[in-house]
file data-v2.cif (mmCIF, C-alpha atoms)
data_run
#
loop_
_atom_site.label_atom_id
_atom_site.label_comp_id
_atom_site.auth_asym_id
_atom_site.auth_seq_id
_atom_site.Cartn_x
_atom_site.Cartn_y
_atom_site.Cartn_z
CA SER H 5 0.00 0.00 0.00
CA CYS H 6 2.83 2.41 0.81
CA LEU H 7 4.31 1.99 -2.67
CA ARG H 8 1.04 1.83 -4.60
CA GLY H 9 -0.27 5.33 -3.89
CA ALA H 10 -2.45 4.32 -0.92
CA PRO H 11 -0.60 5.77 2.09
CA THR H 12 -3.72 5.81 4.27
CA ALA H 13 -3.76 2.00 4.06
CA CYS H 14 -0.01 1.69 4.72
CA LEU H 15 0.71 -0.49 7.76
CA GLU H 16 3.66 1.65 8.85
CA THR H 17 1.47 4.76 8.74
CA ARG H 18 -1.31 3.07 10.69
CA ALA H 19 1.20 1.93 13.33
CA ALA H 20 2.63 5.46 13.68
CA ILE H 21 -0.89 6.87 14.09
CA GLY H 22 -1.55 4.35 16.84
CA ARG H 23 1.63 5.41 18.64
CA GLY H 24 0.96 9.15 18.21
CA GLU H 25 4.32 9.60 16.49
CA MET H 26 5.80 10.58 13.15
CA LEU H 27 6.95 7.81 10.84
CA ASP H 28 10.52 8.12 12.16
CA GLY H 29 9.35 7.27 15.70
CA ARG H 30 9.60 10.77 17.17
CA THR H 31 6.77 12.87 18.52
CA GLY H 32 8.60 16.13 17.79
CA PHE H 33 6.87 17.75 20.81
CA SER H 34 7.47 17.93 24.51
CA LEU H 35 6.11 19.89 27.46
CA ALA H 36 8.24 20.16 30.59
CA GLY H 37 10.27 17.23 29.33
CA VAL H 38 7.24 15.00 28.75
CA PRO H 39 6.46 13.86 25.17
CA VAL H 40 3.32 15.27 23.55
CA TYR H 41 1.77 12.85 21.10
CA ARG H 42 0.34 13.57 17.65
CA MET H 43 -3.01 13.09 15.97
CA THR H 44 -2.68 11.05 12.74
CA THR H 45 1.12 11.60 12.76
CA VAL H 46 0.64 15.25 11.77
CA GLY H 47 -0.41 17.70 14.47
CA ALA H 48 -1.19 18.56 18.04
CA LEU H 49 -2.82 21.47 19.82
CA ALA H 50 0.20 23.76 19.60
CA ASP H 51 1.19 27.15 18.19
CA ARG H 52 3.82 25.63 15.91
CA VAL H 53 4.34 22.13 14.60
CA LEU H 54 7.46 20.27 13.52
CA LEU H 55 6.82 18.27 10.33
CA PRO H 56 8.78 16.32 7.74
CA ALA H 57 9.03 18.24 4.46
CA ARG H 58 6.90 15.67 2.63
CA SER H 59 4.01 16.39 4.99
CA VAL H 60 3.88 20.08 4.03
CA VAL H 61 1.79 21.51 1.19
CA PRO H 62 2.23 25.19 0.22
CA LEU H 63 -0.91 27.24 0.79
CA PRO H 64 -2.03 29.62 -2.01
CA ASP H 65 -2.29 33.29 -1.08
CA ASP H 66 -6.04 33.33 -1.72
CA VAL H 67 -6.82 30.57 0.83
CA ARG H 68 -6.89 31.68 4.47
CA PHE H 69 -5.49 29.51 7.26
CA GLU H 70 -8.91 28.89 8.84
CA GLN H 71 -10.22 27.76 5.44
CA ALA H 72 -7.23 25.48 4.90
CA ALA H 73 -7.85 23.86 8.29
CA LEU H 74 -11.06 22.44 6.81
CA LEU H 75 -9.23 20.81 3.93
CA GLY H 76 -6.72 18.68 5.80
CA CYS H 77 -9.22 16.28 7.33
CA ALA H 78 -12.90 17.08 6.80
CA ALA H 79 -12.72 17.87 3.09
CA LEU H 80 -10.04 15.28 2.35
CA THR H 81 -12.17 12.61 4.00
CA GLY H 82 -15.64 13.62 2.82
CA VAL H 83 -14.78 14.45 -0.78
CA GLY H 84 -12.47 11.46 -1.13
CA ALA H 85 -15.08 9.06 0.23
CA VAL H 86 -17.58 10.21 -2.39
CA GLU H 87 -15.17 10.08 -5.30
CA ASN H 88 -12.84 7.21 -4.44
CA ALA H 89 -14.79 4.86 -2.15
CA ALA H 90 -18.44 5.33 -3.10
CA ASN H 91 -17.54 6.23 -6.70
CA VAL H 92 -20.49 8.59 -7.10
CA LEU H 93 -21.27 9.21 -10.77
CA GLU H 94 -23.35 11.77 -12.59
CA GLY H 95 -27.04 11.03 -12.14
CA ASP H 96 -26.59 8.86 -9.03
CA THR H 97 -28.86 9.20 -6.03
CA VAL H 98 -26.90 9.59 -2.81
CA ALA H 99 -27.66 9.49 0.92
CA VAL H 100 -25.21 11.10 3.35
CA ILE H 101 -25.81 9.77 6.87
CA GLY H 102 -24.38 12.32 9.28
CA ALA H 103 -24.09 16.02 8.38
CA GLY H 104 -21.13 16.98 10.53
CA GLY H 105 -17.92 18.38 9.08
CA VAL H 106 -17.11 15.30 6.99
CA GLY H 107 -20.70 14.67 5.96
CA LEU H 108 -21.19 18.25 4.75
CA PHE H 109 -18.17 17.91 2.48
CA ALA H 110 -19.61 14.61 1.22
CA VAL H 111 -22.80 16.51 0.37
CA GLN H 112 -20.79 19.05 -1.60
CA ALA H 113 -18.76 16.37 -3.36
CA ALA H 114 -21.92 14.54 -4.41
CA ARG H 115 -23.23 17.81 -5.87
CA VAL H 116 -19.94 18.39 -7.70
CA ALA H 117 -20.09 14.83 -9.08
CA GLY H 118 -23.50 15.57 -10.59
CA ALA H 119 -25.69 13.43 -8.32
CA SER H 120 -29.36 13.83 -9.19
CA GLU H 121 -30.45 13.54 -5.56
CA VAL H 122 -28.42 14.19 -2.39
CA ILE H 123 -30.31 13.30 0.79
CA ALA H 124 -28.69 14.50 4.03
CA VAL H 125 -29.61 12.74 7.28
CA ASP H 126 -28.91 14.05 10.78
CA GLN H 127 -30.65 14.66 14.10
CA ASN H 128 -29.40 18.26 14.23
CA ALA H 129 -31.73 20.76 12.51
CA GLY H 130 -28.95 23.35 12.08
CA ARG H 131 -26.76 20.86 10.26
CA LEU H 132 -29.62 19.81 7.99
CA GLU H 133 -30.27 23.45 7.08
CA LEU H 134 -26.59 23.93 6.27
CA ALA H 135 -26.56 20.72 4.20
CA GLN H 136 -29.37 22.04 2.00
CA ALA H 137 -27.54 25.35 1.56
CA LEU H 138 -24.50 23.39 0.35
CA GLY H 139 -26.29 21.21 -2.19
CA ALA H 140 -28.51 18.61 -0.52
CA THR H 141 -31.76 18.24 -2.46
CA ALA H 142 -33.53 16.88 0.62
CA ALA H 143 -32.76 16.60 4.33
CA GLY H 144 -34.31 14.95 7.35
CA THR H 145 -33.84 12.93 10.49
CA PRO H 146 -33.24 9.17 10.48
CA GLU H 147 -36.93 8.71 11.28
CA GLN H 148 -37.85 10.70 8.16
CA LEU H 149 -35.48 8.87 5.82
CA ALA H 150 -37.92 6.18 4.66
CA GLU H 151 -40.39 8.84 3.54
CA LEU H 152 -37.64 10.81 1.79
CA LEU H 153 -36.53 7.67 -0.07
CA ASP H 154 -40.09 6.90 -1.19
CA ASP H 155 -40.25 10.40 -2.64
CA ARG H 156 -36.73 10.86 -4.00
CA ALA H 157 -35.23 7.41 -4.57
CA PRO H 158 -37.82 4.59 -4.58
CA GLY H 159 -36.06 1.29 -3.95
CA GLY H 160 -33.11 3.01 -2.29
CA VAL H 161 -30.22 5.27 -3.26
CA ASP H 162 -27.42 4.21 -5.58
CA LYS H 163 -24.71 5.24 -3.11
CA ALA H 164 -24.66 5.89 0.65
CA ILE H 165 -21.99 7.62 2.74
CA GLU H 166 -22.01 6.82 6.47
CA ALA H 167 -20.19 9.61 8.34
CA VAL H 168 -21.13 8.90 11.96
CA GLY H 169 -19.42 5.67 12.99
CA HIS H 170 -22.29 4.09 14.94
CA ALA H 171 -23.70 0.61 14.34
CA ASP H 172 -27.24 2.00 14.02
CA THR H 173 -26.29 4.53 11.35
CA VAL H 174 -24.28 1.91 9.46
CA SER H 175 -27.41 -0.26 9.37
CA LEU H 176 -29.40 2.75 8.21
CA ALA H 177 -26.95 3.38 5.36
CA ILE H 178 -27.09 -0.26 4.25
CA GLU H 179 -30.88 -0.37 4.43
CA SER H 180 -31.26 2.88 2.48
CA THR H 181 -29.22 1.59 -0.47
CA ARG H 182 -30.82 -0.19 -3.43
CA ALA H 183 -29.92 -3.69 -4.58
CA ALA H 184 -26.44 -3.65 -6.16
CA GLY H 185 -25.82 -0.30 -4.48
CA ARG H 186 -22.61 0.81 -2.77
CA ILE H 187 -22.06 1.93 0.82
CA ALA H 188 -18.91 3.76 1.99
CA LEU H 189 -18.23 3.71 5.75
CA VAL H 190 -16.38 6.87 6.76
CA GLY H 191 -17.29 7.40 10.42
CA LEU H 192 -14.97 5.70 12.90
CA PRO H 193 -16.68 3.28 15.32
CA ARG H 194 -15.15 2.49 18.68
CA ALA H 195 -12.22 0.10 18.48
CA GLY H 196 -13.59 -3.42 18.63
CA GLY H 197 -17.11 -2.30 17.76
CA ARG H 198 -19.22 -4.83 15.84
CA LEU H 199 -21.66 -4.31 12.98
CA ASP H 200 -24.88 -6.27 12.61
CA LEU H 201 -25.39 -7.48 9.03
CA ASP H 202 -28.06 -9.72 7.55
CA GLY H 203 -25.69 -11.88 5.53
CA PHE H 204 -28.35 -13.53 3.39
CA ALA H 205 -29.98 -10.23 2.42
CA PHE H 206 -26.62 -8.61 1.77
CA VAL H 207 -25.53 -11.38 -0.60
CA ALA H 208 -28.91 -11.69 -2.31
CA GLN H 209 -29.08 -7.93 -2.91
CA GLN H 210 -25.46 -7.81 -4.14
CA LYS H 211 -24.53 -4.68 -2.26
CA THR H 212 -20.96 -3.46 -1.85
CA LEU H 213 -19.68 -2.28 1.54
CA VAL H 214 -16.33 -0.46 1.63
CA GLY H 215 -14.40 1.33 4.36
CA SER H 216 -12.74 4.67 3.65
CA MET H 217 -10.00 6.31 5.71
CA SER H 218 -8.90 9.89 4.95
CA GLY H 219 -10.67 9.81 1.62
CA SER H 220 -8.91 6.68 0.32
CA SER H 221 -6.49 8.96 -1.53
CA GLU H 222 -2.92 10.20 -1.71
CA PRO H 223 -3.17 13.34 0.45
CA ARG H 224 -0.77 15.62 -1.45
CA ALA H 225 -2.50 15.00 -4.78
CA ALA H 226 -5.94 15.18 -3.14
CA LEU H 227 -5.17 18.52 -1.48
CA ALA H 228 -4.07 20.02 -4.79
CA TYR H 229 -7.39 18.89 -6.28
CA LEU H 230 -9.36 20.31 -3.33
CA LEU H 231 -7.61 23.66 -3.63
CA GLU H 232 -8.60 23.80 -7.30
CA LEU H 233 -12.23 23.12 -6.35
CA VAL H 234 -11.99 25.99 -3.87
CA ARG H 235 -10.54 28.34 -6.48
CA THR H 236 -13.34 27.58 -8.94
CA GLY H 237 -16.01 28.01 -6.27
CA ALA H 238 -17.21 24.40 -6.59
CA LEU H 239 -16.25 23.71 -2.97
CA GLU H 240 -17.53 26.21 -0.38
CA LEU H 241 -15.54 26.67 2.81
CA ASP H 242 -16.78 29.80 4.56
CA PRO H 243 -20.27 28.42 5.37
CA LEU H 244 -18.54 25.61 7.24
CA LEU H 245 -16.52 27.88 9.52
CA GLY H 246 -18.05 27.55 12.97
CA GLU H 247 -17.29 29.21 16.28
CA SER H 248 -13.62 30.10 16.85
CA PHE H 249 -11.63 29.73 20.09
CA ALA H 250 -8.16 30.72 21.24
CA LEU H 251 -5.77 27.85 21.96
CA GLU H 252 -5.99 28.39 25.72
CA ASP H 253 -9.77 27.88 25.48
CA VAL H 254 -9.47 24.53 23.71
CA ASN H 255 -11.58 22.72 26.34
CA ASP H 256 -14.48 25.06 25.57
CA ALA H 257 -13.98 24.36 21.86
CA ILE H 258 -14.18 20.62 22.45
CA GLN H 259 -17.38 20.94 24.47
CA THR H 260 -18.94 23.15 21.77
CA SER H 261 -18.05 20.56 19.15
CA ARG H 262 -19.54 17.75 21.24
CA ARG H 263 -22.82 19.65 21.47
CA GLY H 264 -23.15 19.32 17.70
CA ALA H 265 -22.76 22.95 16.67
CA PRO H 266 -23.23 23.49 12.91
CA GLY H 267 -19.96 24.14 11.12
CA ARG H 268 -16.46 23.19 12.20
CA VAL H 269 -15.32 24.51 15.57
CA MET H 270 -11.97 26.25 15.09
CA VAL H 271 -8.99 26.57 17.47
CA ARG H 272 -6.69 29.50 16.70
CA PRO H 273 -2.94 29.37 17.38
CA GLY H 274 -1.65 31.95 19.80
CA VAL H 275 1.36 32.74 17.59
CA PRO H 276 0.37 32.99 13.91
CA ALA H 277 3.15 31.96 11.59
CA ASP H 278 4.58 34.75 9.41
CA PRO H 279 5.52 33.32 5.98
CA ASN H 280 8.03 36.19 5.56
CA ASP H 281 9.79 35.44 8.83
CA LYS H 282 12.72 33.17 8.05
CA GLU H 283 13.07 32.33 11.75
CA THR H 284 9.55 30.92 11.94
CA PRO H 285 9.60 27.09 11.89
CA SER H 286 7.49 25.57 9.13
#
call {"tool": "encode", "arguments": {"input": "data-v2.cif", "output": "structure tokens"}}
result
Amino acid sequence: SCLRGAPTACLETRAAIGRGEMLDGRTGFSLAGVPVYRMTTVGALADRVLLPARSVVPLPDDVRFEQAALLGCAALTGVGAVENAANVLEGDTVAVIGAGGVGLFAVQAARVAGASEVIAVDQNAGRLELAQALGATAAGTPEQLAELLDDRAPGGVDKAIEAVGHADTVSLAIESTRAAGRIALVGLPRAGGRLDLDGFAFVAQQKTLVGSMSGSSEPRAALAYLLELVRTGALELDPLLGESFALEDVNDAIQTSRRGAPGRVMVRPGVPADPNDKETPS
């Protein structure tokens, strides 16, 4: 996987993520002599971050830092899942289960791909409203999904994106997909979590179930593509910018995110990097 353009499936990468380190075994951070561990080998809640050169992508002048923060995970994951894992094609009907940060990018990606119907599903009314503003043709709660399918995609959608990571929502995604349809699982369940699947029905209906981590893509190439979508206006970022917090208020930011606030909750560094300052680490 490491050599075939699928770094997110690379065993060495997965092991480093599990350890909270870079690929070379270092964390690159410490506080009072104690190591600080990384999220997905890349970052931590810090003003500045030490990175290998291959992990750095130059940011165009017309993309602000808070916009770019949306691209590295939420957009990379949501857009990649639609294009690479679910393989959404023009004219497809699509259900996006979960309209959080990743799900809202999946909604946009389905629109960009030319889906004829994009049905967003979430319990949060604010997120559903935002999903419709970003391209969903219909939106509702899980309890309303059956009615939406009867109206918009009788027999089930062609493709479903599950962006929650709960056994119940995985079952909902599978059930909402037509025979010979395709389901991409993007949300991360708890480690060791089990999924309940009617094996006979799954085989008889010839559905395809695929997992997708970080968009199932090569991040550097994917980010270049995402930046082009931003430049052309096909991918909207500003509507997804949620409440912003200073780094010292990170606990408040986490609680706001857990309450399900629409948009991505942002944490600002205390020392913004100056690209003209040669002493500033990159």
call {"tool": "closest_residue", "arguments": {"input": "data-v2.cif", "among": "H:Glu166, H:Glu232, H:Glu247, H:Asp200", "to": "Val98 (chain H)", "atoms": "all atoms listed in the file"}}
result
H:Glu166
call {"tool": "resolve_selection", "arguments": {"input": "data-v2.cif", "expression": "the PyMOL selection byres ((chain H and resi 189) around 7)", "output": "PyMOL selection string"}}
result
chain H and resi 165-167+187-188+190-191+214-216
call {"tool": "residues_around", "arguments": {"input": "data-v2.cif", "residues": "region 147-160 of chain H", "least_positions_apart": "3", "cutoff": "10 Å", "atoms": "all atoms listed in the file", "output": "ChimeraX atom specification"}}
result
/H:96-99,101,120-127,141-144,163-164,176-183,185
call {"tool": "write_last_selection", "arguments": {"input": "data-v2.cif", "atoms": "C-alpha atoms", "output": "compact mmCIF listing (two decimals), keeping the file's coordinate frame"}}
result
# COMPACT_ATOMS: atom_id res chain seq x y z
CA ASP H 96 -26.59 8.86 -9.03
CA THR H 97 -28.86 9.20 -6.03
CA VAL H 98 -26.90 9.59 -2.81
CA ALA H 99 -27.66 9.49 0.92
CA ILE H 101 -25.81 9.77 6.87
CA SER H 120 -29.36 13.83 -9.19
CA GLU H 121 -30.45 13.54 -5.56
CA VAL H 122 -28.42 14.19 -2.39
CA ILE H 123 -30.31 13.30 0.79
CA ALA H 124 -28.69 14.50 4.03
CA VAL H 125 -29.61 12.74 7.28
CA ASP H 126 -28.91 14.05 10.78
CA GLN H 127 -30.65 14.66 14.10
CA THR H 141 -31.76 18.24 -2.46
CA ALA H 142 -33.53 16.88 0.62
CA ALA H 143 -32.76 16.60 4.33
CA GLY H 144 -34.31 14.95 7.35
CA LYS H 163 -24.71 5.24 -3.11
CA ALA H 164 -24.66 5.89 0.65
CA LEU H 176 -29.40 2.75 8.21
CA ALA H 177 -26.95 3.38 5.36
CA ILE H 178 -27.09 -0.26 4.25
CA GLU H 179 -30.88 -0.37 4.43
CA SER H 180 -31.26 2.88 2.48
CA THR H 181 -29.22 1.59 -0.47
CA ARG H 182 -30.82 -0.19 -3.43
CA ALA H 183 -29.92 -3.69 -4.58
CA GLY H 185 -25.82 -0.30 -4.48
call {"tool": "closest_atom_pairs", "arguments": {"input": "data-v2.cif", "of": "region 107-162 of chain H", "to": "region 219-231 of chain H", "cutoff": "12 Å", "atoms": "all atoms listed in the file", "output": "tab-separated table"}}
result
residue	atom	partner	partner_atom	distance
H:Gly107	CA	H:Gly219	CA	12.0
H:Phe109	CA	H:Leu230	CA	10.8
H:Ala110	CA	H:Gly219	CA	10.2
H:Gln112	CA	H:Leu230	CA	11.6
H:Ala113	CA	H:Leu230	CA	10.2
H:Val116	CA	H:Leu230	CA	11.6
call {"tool": "resolve_selection", "arguments": {"input": "data-v2.cif", "expression": "the PyMOL selection byres ((chain H and resi 256-264) around 12)", "output": "number ranges by chain"}}
result
H: 49, 102-105, 126-132, 246-255, 265-272
call {"tool": "write_last_selection", "arguments": {"input": "data-v2.cif", "atoms": "C-alpha atoms", "output": "compact mmCIF listing (two decimals), in the frame of the given file"}}
result
# COMPACT_ATOMS: atom_id res chain seq x y z
CA LEU H 49 -2.82 21.47 19.82
CA GLY H 102 -24.38 12.32 9.28
CA ALA H 103 -24.09 16.02 8.38
CA GLY H 104 -21.13 16.98 10.53
CA GLY H 105 -17.92 18.38 9.08
CA ASP H 126 -28.91 14.05 10.78
CA GLN H 127 -30.65 14.66 14.10
CA ASN H 128 -29.40 18.26 14.23
CA ALA H 129 -31.73 20.76 12.51
CA GLY H 130 -28.95 23.35 12.08
CA ARG H 131 -26.76 20.86 10.26
CA LEU H 132 -29.62 19.81 7.99
CA GLY H 246 -18.05 27.55 12.97
CA GLU H 247 -17.29 29.21 16.28
CA SER H 248 -13.62 30.10 16.85
CA PHE H 249 -11.63 29.73 20.09
CA ALA H 250 -8.16 30.72 21.24
CA LEU H 251 -5.77 27.85 21.96
CA GLU H 252 -5.99 28.39 25.72
CA ASP H 253 -9.77 27.88 25.48
CA VAL H 254 -9.47 24.53 23.71
CA ASN H 255 -11.58 22.72 26.34
CA ALA H 265 -22.76 22.95 16.67
CA PRO H 266 -23.23 23.49 12.91
CA GLY H 267 -19.96 24.14 11.12
CA ARG H 268 -16.46 23.19 12.20
CA VAL H 269 -15.32 24.51 15.57
CA MET H 270 -11.97 26.25 15.09
CA VAL H 271 -8.99 26.57 17.47
CA ARG H 272 -6.69 29.50 16.70
call {"tool": "atom_distance", "arguments": {"input": "data-v2.cif", "atom1": "CA of Gly84 (chain H)", "atom2": "CA of Thr173 (chain H)"}}
result
19.9 Å
call {"tool": "residues_around", "arguments": {"input": "data-v2.cif", "residues": "Glu25 (chain H)", "least_positions_apart": "6", "cutoff": "7 Å", "atoms": "all atoms listed in the file", "output": "mmCIF file with C-alpha atoms, keeping the file's coordinate frame"}}
result
data_model
loop_
_atom_site.group_PDB
_atom_site.id
_atom_site.type_symbol
_atom_site.label_atom_id
_atom_site.label_comp_id
_atom_site.auth_asym_id
_atom_site.auth_seq_id
_atom_site.Cartn_x
_atom_site.Cartn_y
_atom_site.Cartn_z
ATOM 1 C CA THR H 31 6.770 12.870 18.520
ATOM 2 C CA TYR H 41 1.770 12.850 21.100
ATOM 3 C CA ARG H 42 0.340 13.570 17.650
ATOM 4 C CA THR H 45 1.120 11.600 12.760
#
call {"tool": "residues_around", "arguments": {"input": "data-v2.cif", "residues": "Leu7 (chain H)", "least_positions_apart": "5", "cutoff": "12 Å", "atoms": "only C-alpha atoms", "output": "list in words"}}
result
Thr12, Ala13, Cys14, Leu15, Glu16 and Glu222 of chain H
call {"tool": "residues_around", "arguments": {"input": "data-v2.cif", "residues": "Leu74 (chain H)", "least_positions_apart": "4", "cutoff": "8 Å", "atoms": "all atoms listed in the file", "output": "compact mmCIF listing (two decimals) with C-alpha atoms, in the frame of the given file"}}
result
# COMPACT_ATOMS: atom_id res chain seq x y z
CA GLU H 70 -8.91 28.89 8.84
CA ALA H 78 -12.90 17.08 6.80
CA ALA H 79 -12.72 17.87 3.09
CA LEU H 241 -15.54 26.67 2.81
CA ARG H 268 -16.46 23.19 12.20
call {"tool": "atom_distance", "arguments": {"input": "data-v2.cif", "atom1": "CA of Gly203 (chain H)", "atom2": "CA of Ser175 (chain H)"}}
result
12.4 Å
call {"tool": "resolve_selection", "arguments": {"input": "data-v2.cif", "expression": "the PyMOL selection byres ((chain H and resi 26) around 12)", "output": "MDAnalysis selection string"}}
result
chainID H and resid 16:25 27:33 40:48 53:56 58:59
